[in-house]
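Dropping protein-v3.cif in here (mmCIF, C-alpha atoms and all ligand atoms):
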```cif
data_input
#
loop_
_atom_site.label_atom_id
_atom_site.label_comp_id
_atom_site.auth_asym_id
_atom_site.auth_seq_id
_atom_site.Cartn_x
_atom_site.Cartn_y
_atom_site.Cartn_z
CA MET A 1 36.62 -19.66 124.71
CA ALA A 2 40.02 -20.66 123.34
CA GLY A 3 40.68 -19.62 119.75
CA ASP A 4 41.67 -22.20 117.13
CA ASP A 5 45.29 -21.21 117.51
CA ALA A 6 45.34 -21.69 121.31
CA VAL A 7 47.99 -24.06 122.69
CA GLN A 8 46.13 -26.69 124.67
CA PHE A 9 47.72 -27.69 128.00
CA GLY A 10 44.30 -28.43 129.50
CA LEU A 11 43.54 -32.04 128.64
CA GLY A 12 44.57 -34.94 130.87
CA GLU A 13 44.69 -37.51 128.10
CA PRO A 14 47.55 -38.87 125.98
CA ASP A 15 47.70 -37.45 122.44
CA PHE A 16 48.55 -40.96 121.15
CA GLN A 17 46.25 -43.58 119.65
CA PRO A 18 45.84 -47.06 121.20
CA PRO A 19 48.26 -49.69 119.82
CA ASP A 20 47.20 -50.89 116.33
CA ILE A 21 47.05 -54.41 117.66
CA ALA A 22 44.32 -53.42 120.15
CA ILE A 23 42.24 -51.68 117.48
CA GLU A 24 42.51 -54.71 115.18
CA ALA A 25 41.64 -57.07 118.05
CA PHE A 26 38.63 -54.93 119.03
CA THR A 27 37.29 -55.02 115.45
CA ARG A 28 37.93 -58.75 115.10
CA ALA A 29 36.27 -59.52 118.45
CA MET A 30 33.10 -57.70 117.38
CA GLU A 31 33.08 -59.51 114.03
CA GLU A 32 33.50 -62.82 115.85
CA GLY A 33 30.41 -62.16 117.94
CA ARG A 34 31.97 -60.95 121.20
CA ASN A 35 29.10 -58.55 121.67
CA LYS A 36 27.41 -59.99 124.75
CA TYR A 37 27.40 -59.49 128.49
CA THR A 38 30.43 -60.94 130.22
CA THR A 39 30.46 -62.06 133.84
CA THR A 40 30.29 -59.04 136.13
CA ALA A 41 33.95 -59.22 137.13
CA GLY A 42 34.99 -59.62 133.49
CA LEU A 43 36.72 -62.21 131.29
CA PRO A 44 38.75 -64.65 133.41
CA PRO A 45 41.79 -64.79 131.06
CA LEU A 46 42.04 -60.98 131.05
CA ARG A 47 41.72 -60.78 134.84
CA GLN A 48 44.35 -63.51 135.20
CA LYS A 49 46.69 -61.63 132.84
CA ILE A 50 46.23 -58.40 134.81
CA ALA A 51 46.87 -60.26 138.09
CA GLU A 52 50.10 -61.58 136.57
CA THR A 53 51.29 -58.06 135.76
CA TRP A 54 51.40 -57.52 139.54
CA HIS A 55 53.04 -60.86 140.44
CA HIS A 56 56.40 -59.16 141.02
CA LEU A 57 54.72 -57.55 144.06
CA VAL A 58 52.10 -60.15 145.10
CA PRO A 59 52.78 -63.58 143.54
CA THR A 60 49.53 -65.06 144.86
CA LEU A 61 47.19 -62.73 142.93
CA ASP A 62 44.84 -64.39 140.45
CA GLU A 63 41.65 -63.60 138.56
CA SER A 64 39.64 -63.54 141.81
CA ASN A 65 41.57 -60.42 142.84
CA VAL A 66 40.54 -58.39 139.77
CA CYS A 67 37.25 -56.84 138.66
CA MET A 68 37.05 -55.20 135.24
CA THR A 69 35.28 -51.83 135.11
CA MET A 70 34.33 -49.31 132.49
CA SER A 71 37.19 -46.93 133.47
CA GLY A 72 38.94 -45.68 136.57
CA THR A 73 35.97 -43.37 137.08
CA ASN A 74 33.64 -46.40 137.31
CA ALA A 75 36.16 -48.14 139.58
CA LEU A 76 36.21 -45.24 142.04
CA LEU A 77 32.44 -45.23 142.40
CA ASP A 78 32.29 -49.02 142.91
CA ILE A 79 34.86 -48.81 145.69
CA PHE A 80 33.22 -45.93 147.54
CA LEU A 81 29.80 -47.62 147.19
CA ALA A 82 31.23 -50.78 148.74
CA LEU A 83 33.13 -49.09 151.59
CA VAL A 84 31.22 -45.98 152.64
CA ASP A 85 28.18 -45.91 154.91
CA PRO A 86 26.35 -42.68 155.78
CA GLY A 87 28.43 -40.66 158.24
CA ASP A 88 31.74 -42.33 157.36
CA GLU A 89 34.71 -40.08 156.71
CA VAL A 90 37.24 -40.67 153.96
CA LEU A 91 40.61 -38.91 153.92
CA LEU A 92 41.32 -37.46 150.46
CA PRO A 93 44.31 -35.57 149.05
CA GLU A 94 44.07 -31.89 148.20
CA PRO A 95 44.76 -30.77 145.46
CA TYR A 96 42.61 -33.64 144.18
CA PHE A 97 41.31 -35.32 141.06
CA PRO A 98 37.88 -33.66 141.10
CA LEU A 99 35.77 -36.84 141.32
CA TYR A 100 37.02 -37.94 144.74
CA PRO A 101 35.08 -35.64 147.11
CA THR A 102 31.89 -35.78 145.06
CA ASP A 103 31.95 -39.58 144.87
CA VAL A 104 32.26 -39.79 148.65
CA VAL A 105 29.29 -37.42 149.05
CA ILE A 106 27.22 -39.43 146.52
CA CYS A 107 27.78 -42.48 148.76
CA GLY A 108 26.61 -40.58 151.87
CA GLY A 109 30.06 -40.09 153.36
CA SER A 110 32.07 -37.01 154.28
CA PRO A 111 35.28 -36.12 152.45
CA VAL A 112 38.05 -34.90 154.77
CA LEU A 113 40.88 -33.26 152.85
CA TYR A 114 44.55 -33.62 153.75
CA PRO A 115 47.15 -31.28 152.23
CA CYS A 116 49.73 -32.31 149.65
CA ASN A 117 51.87 -29.18 149.64
CA PHE A 118 54.45 -27.95 147.17
CA GLU A 119 56.97 -27.55 150.03
CA ASN A 120 56.78 -31.28 150.77
CA GLY A 121 56.90 -32.39 147.12
CA PHE A 122 53.09 -32.82 147.14
CA VAL A 123 53.33 -35.75 149.60
CA PRO A 124 51.39 -35.48 152.90
CA THR A 125 53.06 -35.67 156.30
CA VAL A 126 51.80 -38.25 158.77
CA ALA A 127 51.19 -35.42 161.26
CA ASP A 128 48.78 -33.81 158.77
CA LEU A 129 46.94 -37.11 158.40
CA GLU A 130 46.76 -37.74 162.15
CA ALA A 131 45.31 -34.26 162.71
CA ARG A 132 42.34 -35.17 160.49
CA LEU A 133 41.60 -38.60 161.92
CA THR A 134 38.33 -39.12 163.84
CA GLU A 135 36.44 -42.17 165.10
CA ASN A 136 34.43 -42.01 161.85
CA THR A 137 37.43 -42.28 159.51
CA ILE A 138 37.19 -45.54 157.56
CA ALA A 139 39.53 -45.07 154.60
CA ILE A 140 42.28 -42.99 153.06
CA LEU A 141 42.87 -42.43 149.37
CA TYR A 142 46.38 -42.04 148.00
CA ASN A 143 47.06 -40.99 144.41
CA PHE A 144 50.66 -41.39 143.29
CA PRO A 145 51.72 -40.39 140.67
CA SER A 146 49.22 -37.60 141.19
CA ASN A 147 46.81 -35.69 139.06
CA PRO A 148 47.05 -32.66 139.23
CA THR A 149 50.41 -32.22 140.95
CA GLY A 150 52.63 -34.91 139.37
CA GLY A 151 53.69 -35.65 142.99
CA ASN A 152 55.06 -39.10 143.70
CA VAL A 153 56.31 -41.11 146.68
CA THR A 154 59.58 -42.83 147.49
CA PRO A 155 59.34 -46.36 148.94
CA GLU A 156 60.11 -44.89 152.39
CA GLN A 157 57.26 -42.36 152.14
CA ARG A 158 54.90 -45.10 150.89
CA ASP A 159 55.83 -47.26 153.89
CA GLU A 160 55.08 -44.40 156.32
CA LEU A 161 51.72 -43.71 154.70
CA LEU A 162 50.81 -47.40 154.81
CA GLU A 163 51.92 -47.63 158.43
CA PHE A 164 49.56 -44.75 159.29
CA ALA A 165 46.71 -46.73 157.69
CA ARG A 166 47.68 -49.94 159.46
CA GLU A 167 47.89 -48.28 162.89
CA ASN A 168 44.41 -46.85 162.42
CA ASP A 169 42.92 -49.90 160.68
CA LEU A 170 41.92 -47.88 157.60
CA TRP A 171 41.17 -49.12 154.12
CA VAL A 172 43.69 -47.77 151.64
CA ILE A 173 42.28 -46.84 148.24
CA THR A 174 45.21 -46.38 145.91
CA ASP A 175 44.65 -44.63 142.59
CA GLU A 176 47.52 -45.81 140.40
CA VAL A 177 46.18 -44.99 136.95
CA TYR A 178 49.57 -43.41 136.09
CA ASP A 179 51.62 -46.46 137.13
CA ARG A 180 53.05 -46.87 133.61
CA ILE A 181 53.99 -43.19 133.25
CA VAL A 182 56.84 -43.00 135.75
CA TYR A 183 60.25 -41.40 135.10
CA ASP A 184 63.75 -41.89 136.49
CA ARG A 185 62.67 -44.70 138.83
CA GLU A 186 60.39 -47.74 139.25
CA HIS A 187 56.73 -47.21 140.06
CA VAL A 188 56.15 -47.34 143.84
CA SER A 189 52.89 -49.22 144.38
CA PHE A 190 50.83 -49.43 147.56
CA ILE A 191 50.05 -53.06 146.64
CA GLY A 192 52.31 -55.79 148.04
CA ALA A 193 53.99 -53.54 150.58
CA GLY A 194 53.02 -55.45 153.71
CA TYR A 195 49.45 -54.23 154.25
CA ASP A 196 46.54 -56.00 152.55
CA LYS A 197 43.55 -53.73 153.29
CA VAL A 198 44.43 -52.04 150.01
CA ILE A 199 42.22 -51.57 146.96
CA MET A 200 43.74 -50.33 143.72
CA ILE A 201 42.06 -48.36 140.97
CA ASN A 202 43.64 -48.74 137.59
CA SER A 203 42.72 -47.89 134.02
CA PHE A 204 43.81 -48.44 130.44
CA SER A 205 42.96 -44.82 129.61
CA LYS A 206 46.53 -43.68 130.15
CA THR A 207 48.34 -47.05 129.86
CA PHE A 208 47.21 -47.67 126.27
CA ALA A 209 45.98 -44.16 125.36
CA MET A 210 42.37 -45.35 125.23
CA THR A 211 40.58 -42.67 127.28
CA GLY A 212 37.51 -42.87 125.03
CA TRP A 213 37.20 -46.64 125.28
CA ARG A 214 36.38 -46.48 129.00
CA ILE A 215 38.04 -49.54 130.45
CA GLY A 216 39.83 -50.08 133.73
CA TYR A 217 39.95 -52.39 136.72
CA ILE A 218 39.98 -52.79 140.48
CA LEU A 219 42.53 -55.04 142.16
CA SER A 220 42.80 -56.04 145.80
CA PRO A 221 44.56 -58.85 147.67
CA ASP A 222 41.50 -58.91 149.98
CA PRO A 223 38.94 -61.46 148.66
CA GLU A 224 36.06 -60.18 150.81
CA ALA A 225 36.53 -56.63 149.54
CA MET A 226 36.59 -57.90 145.95
CA GLY A 227 33.28 -59.71 146.54
CA HIS A 228 31.52 -56.55 147.76
CA ILE A 229 33.05 -54.38 145.07
CA THR A 230 32.06 -56.79 142.30
CA LYS A 231 28.49 -56.69 143.61
CA MET A 232 28.55 -52.90 143.29
CA GLN A 233 29.91 -53.19 139.74
CA TYR A 234 26.88 -55.33 138.92
CA TYR A 235 24.55 -52.52 139.98
CA VAL A 236 26.58 -49.75 138.34
CA THR A 237 27.15 -51.19 134.82
CA ALA A 238 26.53 -55.00 135.09
CA CYS A 239 29.87 -55.68 133.41
CA SER A 240 32.51 -54.10 131.22
CA ASN A 241 32.48 -54.18 127.40
CA ASP A 242 32.92 -57.68 125.90
CA ALA A 243 34.86 -57.01 122.66
CA MET A 244 37.01 -54.38 124.33
CA GLN A 245 38.14 -56.78 127.04
CA HIS A 246 39.41 -59.11 124.29
CA ALA A 247 41.27 -56.17 122.74
CA VAL A 248 42.91 -55.17 126.01
CA LEU A 249 44.00 -58.76 126.61
CA GLU A 250 45.65 -58.80 123.19
CA ALA A 251 47.34 -55.45 123.91
CA LEU A 252 48.70 -56.76 127.23
CA GLU A 253 50.02 -59.87 125.49
CA LYS A 254 51.40 -58.32 122.31
CA ALA A 255 51.98 -54.60 122.92
CA SER A 256 53.39 -54.66 126.44
CA ASP A 257 56.20 -52.27 125.45
CA TYR A 258 53.77 -49.61 124.18
CA PRO A 259 53.36 -47.72 127.49
CA ALA A 260 57.16 -47.40 127.83
CA GLN A 261 57.39 -45.84 124.35
CA MET A 262 54.81 -43.22 125.31
CA ARG A 263 56.54 -42.70 128.64
CA ASP A 264 59.85 -41.89 126.89
CA GLU A 265 58.18 -39.18 124.84
CA PHE A 266 56.40 -37.77 127.92
CA GLN A 267 59.74 -37.68 129.71
CA ALA A 268 61.32 -35.54 126.96
CA ARG A 269 58.32 -33.20 127.16
CA ARG A 270 58.55 -33.05 130.93
CA ASP A 271 62.19 -31.99 130.73
CA LEU A 272 61.36 -29.29 128.21
CA ILE A 273 58.37 -27.81 130.02
CA CYS A 274 60.03 -27.82 133.45
CA GLU A 275 63.13 -26.12 132.10
CA ARG A 276 61.05 -23.42 130.43
CA LEU A 277 58.79 -22.81 133.46
CA ASN A 278 61.61 -22.72 135.99
CA ALA A 279 63.43 -20.11 133.87
CA MET A 280 60.47 -17.68 134.17
CA PRO A 281 60.53 -15.07 136.95
CA GLY A 282 57.73 -15.73 139.46
CA VAL A 283 57.28 -19.37 138.37
CA SER A 284 58.72 -22.45 140.03
CA CYS A 285 57.88 -26.11 139.60
CA HIS A 286 59.12 -29.47 140.78
CA VAL A 287 60.32 -31.86 138.12
CA PRO A 288 57.68 -34.58 138.48
CA THR A 289 58.61 -38.26 138.49
CA GLY A 290 55.25 -39.42 137.18
CA ALA A 291 52.00 -38.67 135.27
CA PHE A 292 51.96 -35.94 132.60
CA TYR A 293 51.24 -32.80 134.60
CA VAL A 294 53.30 -29.97 136.03
CA PHE A 295 51.80 -27.90 138.81
CA PRO A 296 54.00 -24.80 139.10
CA LYS A 297 53.62 -22.09 141.70
CA VAL A 298 52.88 -18.90 139.82
CA ASP A 299 53.28 -15.62 141.64
CA VAL A 300 51.51 -12.63 140.10
CA PRO A 301 50.77 -10.14 142.90
CA GLY A 302 47.06 -9.33 143.18
CA MET A 303 45.85 -12.15 140.91
CA ASN A 304 44.49 -15.57 141.78
CA SER A 305 45.05 -18.69 139.71
CA GLU A 306 41.76 -18.40 137.83
CA GLU A 307 42.52 -14.82 136.82
CA ILE A 308 46.00 -15.82 135.67
CA ALA A 309 44.56 -18.75 133.67
CA MET A 310 42.06 -16.38 132.03
CA ALA A 311 44.85 -13.94 131.12
CA LEU A 312 46.80 -16.84 129.63
CA LEU A 313 43.75 -17.87 127.64
CA GLU A 314 43.58 -14.39 126.13
CA GLY A 315 47.27 -14.79 125.34
CA GLY A 316 46.55 -18.04 123.45
CA VAL A 317 47.28 -20.70 126.08
CA LEU A 318 44.82 -23.04 127.74
CA CYS A 319 45.72 -24.46 131.15
CA SER A 320 43.82 -25.20 134.39
CA PRO A 321 43.78 -22.93 137.44
CA GLY A 322 45.08 -24.73 140.53
CA SER A 323 41.90 -23.82 142.43
CA ALA A 324 39.94 -26.20 140.14
CA PHE A 325 41.50 -28.99 142.23
CA GLY A 326 40.51 -27.60 145.62
CA ALA A 327 41.44 -24.54 147.67
CA ALA A 328 44.95 -25.90 148.34
CA GLY A 329 45.64 -25.61 144.60
CA GLU A 330 45.40 -21.81 144.76
CA GLY A 331 48.62 -20.14 143.64
CA HIS A 332 49.30 -22.87 141.09
CA LEU A 333 48.47 -23.66 137.47
CA ARG A 334 48.23 -27.13 135.96
CA PHE A 335 49.82 -27.77 132.57
CA ALA A 336 49.23 -31.18 130.95
CA TYR A 337 52.12 -31.92 128.59
CA THR A 338 49.97 -34.05 126.32
CA ILE A 339 50.97 -32.14 123.19
CA GLY A 340 54.06 -32.33 120.98
CA ARG A 341 57.34 -30.64 121.86
CA GLU A 342 57.01 -27.93 119.21
CA ASP A 343 53.62 -26.95 120.60
CA ILE A 344 55.02 -26.99 124.14
CA SER A 345 57.76 -24.55 123.07
CA ARG A 346 55.26 -22.31 121.27
CA GLY A 347 52.96 -22.35 124.31
CA MET A 348 55.79 -21.63 126.74
CA ASP A 349 56.86 -18.59 124.66
CA ARG A 350 53.35 -17.24 125.18
CA VAL A 351 53.23 -18.10 128.89
CA GLU A 352 56.56 -16.34 129.41
CA LYS A 353 55.32 -13.20 127.67
CA VAL A 354 51.95 -13.05 129.48
CA ILE A 355 53.39 -13.72 132.97
CA ALA A 356 56.12 -11.11 132.44
CA GLU A 357 53.52 -8.55 131.36
CA LEU A 358 51.21 -9.35 134.30
CA ARG A 359 54.09 -9.10 136.79
CA GLY A 360 55.51 -5.98 135.14
CA ASP A 361 58.94 -7.68 134.87
C1 LIG B 401 44.07 -39.60 139.15
C2 LIG B 401 43.03 -40.09 138.20
N1 LIG B 401 42.26 -41.11 138.58
C3 LIG B 401 41.31 -41.61 137.77
C4 LIG B 401 41.11 -41.08 136.51
C5 LIG B 401 40.00 -41.66 135.69
O1 LIG B 401 40.42 -42.13 134.46
P1 LIG B 401 39.44 -42.97 133.53
O2 LIG B 401 38.07 -42.79 134.03
O3 LIG B 401 39.63 -42.41 132.16
O4 LIG B 401 39.91 -44.37 133.63
C6 LIG B 401 41.89 -40.00 136.08
C7 LIG B 401 41.66 -39.37 134.77
O5 LIG B 401 42.17 -38.34 134.42
C8 LIG B 401 42.89 -39.50 136.94
O6 LIG B 401 43.68 -38.49 136.58
#
```
Could you express the structure from this file as structure tokens?
Amino acid sequence: MAGDDAVQFGLGEPDFQPPDIAIEAFTRAMEEGRNKYTTTAGLPPLRQKIAETWHHLVPTLDESNVCMTMSGTNALLDIFLALVDPGDEVLLPEPYFPLYPTDVVICGGSPVLYPCNFENGFVPTVADLEARLTENTIAILYNFPSNPTGGNVTPEQRDELLEFARENDLWVITDEVYDRIVYDREHVSFIGAGYDKVIMINSFSKTFAMTGWRIGYILSPDPEAMGHITKMQYYVTACSNDAMQHAVLEALEKASDYPAQMRDEFQARRDLICERLNAMPGVSCHVPTGAFYVFPKVDVPGMNSEEIAMALLEGGVLCSPGSAFGAAGEGHLRFAYTIGREDISRGMDRVEKVIAELRGD
């Protein structure tokens, strides 16, 4: 529905290309005959290299702790297939990345949503988690930095959330696909923080701007969990893509500074978009410390987030209504700042005009 001239804040993917070195390595690998099945868990040198990128947190990790997947999306399904039996409950954040509840249902489980509210910086309180715990709860998923909210945890908040899991003997599924897009601080991982029933989803979609390649991984310090998960990966896609795994290994070895370059540009965009949004009457947003989304509260009396998003579309701006990420997202809009700064400014001029007209300011 958006016209050609619409400013596109809708897409959750970097507007960069993968590093040249990865594209060259991918082409070379295919020419050299790397076009076959790999082992289900993936190429050992790549898995070892990935394990080493986490050695600052868990020095004992090796290739046996990593299973390559065809994306974070594939990783999520493998993990839920391995963990969830019919009737099991999984605690999930709301607002959520839309695959989570559906994946749990596909595996016969019940999603139980816990709130990540604006007032608490989009981080849940332990009291909110405890209120949703039953004898059927087997796991909790954390997603920091978060899509759609950009919410992130401090080490102290992470420790509290892990302690809740430990006290209740829950599996922690930690979606850290934005671990390389973190601003003003170090990434706070749920791996290597004193509790080992933790399974991480990660992906090269955002890390190396290769959303269309479809490659990611699962990492856990727990060898038994990795065994079950790798079995599920066998049934889901048998293995990841051969040539692409060679390309990602080369990118990790030779373009390790690439994610930080992208991060610096995202940070400048974040500053710009937050300043513009917070200057608009009726709009307020946190300045996120990770991912590339802002999730402002937008107050237009008598209109819900979908209606506001539709009005913005007519005004030449595409963004997502907060309700697309669950009922708790109502009252918010999601803007992905995956476009250049000039386009962000042009889009924000339009947002300012439309919101002012709708509010009668
Ligand atoms: C929080 C989160 N997890 C997982 C994914 C899946 O990414 P992919 O399947 O491209 O690896 C995304 C993609 O937007 C995401 O935002």
(request) Compare A:Thr40, A:Thr174, A:Gln267, A:Asn147 by their minimum atom-to-atom distance to A:Thr69, counting only C-alpha atoms, and give me the closest one. (result) A:Thr40
(request) Excluding stretch 325-330 of chain A and residues on its chain fewer than 3 positions from it, collect all residues at most 12 Å away from it, counting all atoms listed in the file, and give them as a PyMOL selection string. (result) chain A and resi 92-102+112-118+122+146-149+295-300+303-309+320-322+333-334
(request) Quick one: residues within 12 Å of (47.0, -44.9, 142.4) (file frame), counting all atoms listed in the file, please, as a PyMOL selection string. (result) chain A and resi 72+75-76+93+97+140-147+150-153+158+172-181+187-191+198-203+217-219+290-291
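The closest residue to A:Asp128, picked from A:Leu91, A:Ala238, A:Ala336, A:Met210 and counting all atoms listed in the file, is A:Leu91.
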(request) Using all atoms listed in the file, pick whichever of A:Lys231, A:His246, A:Arg276, A:Arg214 has the shortest atom-to-atom distance to ligand LIG 401 (chain B). (result) A:Arg214
(message) Which residue is closest to A:Lys36? Choose from A:Thr134, A:Thr60, A:Asn241, A:Thr207 and count all atoms listed in the file.
(response) A:Asn241
(request) Please tell me which residues are no farther than 9 Å from (46.5, -22.1, 122.4) in the file, counting only C-alpha atoms, and write them as a VMD selection string. (result) chain A and resid 2 to 9 312 to 313 315 to 318 343 346 to 347 350
(request) Work out how far apart atom CA of A:Ile229 and atom CA of A:Leu161 are and give it in Å to one decimal. (result) 23.6 Å
Around ligand LIG 401 (chain B), with edges along x, y and z and 3 Å added on all six sides, what centre and edge lengths do you get, in Å to one decimal, as lines of an AutoDock Vina configuration file?
```
center_x = 41.1
center_y = -41.4
center_z = 135.7
size_x = 12.0
size_y = 12.0
size_z = 13.0
```
(request) Find the distance between atom CA of A:Phe208 and atom CA of A:Arg269 and write it in Å to one decimal. (result) 18.3 Å
(message) Would you compute the distance between atom CA of A:Phe26 and atom CA of A:His55? Give it in Å to one decimal.
(response) 26.5 Å
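Here the question is which of A:Met244, A:Val66, A:Ile138, A:Ala41 gets nearest to A:Ala29 using only C-alpha atoms, and that residue is A:Met244.
Of the residues under consideration (A:Asn136, A:Thr154, A:Ser256, A:Thr73), A:Thr73 shows the shortest atom-to-atom contact distance to ligand LIG 401 (chain B) when counting only C-alpha atoms and all ligand atoms.
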(request) Extract, using all atoms listed in the file, all DNA, RNA and protein residues at most 10 Å from A:Phe164, discarding same-chain residues fewer than 4 positions from it, and format them as a PyMOL selection string. (result) chain A and resi 126-127+129-130+140+158-160+168-170
(message) So that I can see what lies close to A:Ala251, please list as a PyMOL selection string the residues with an atom at most 9 Å from it, counting all atoms listed in the file and leaving out residues fewer than 3 positions away in the same chain.
(response) chain A and resi 18-22+25+208+246-248+254-256+258
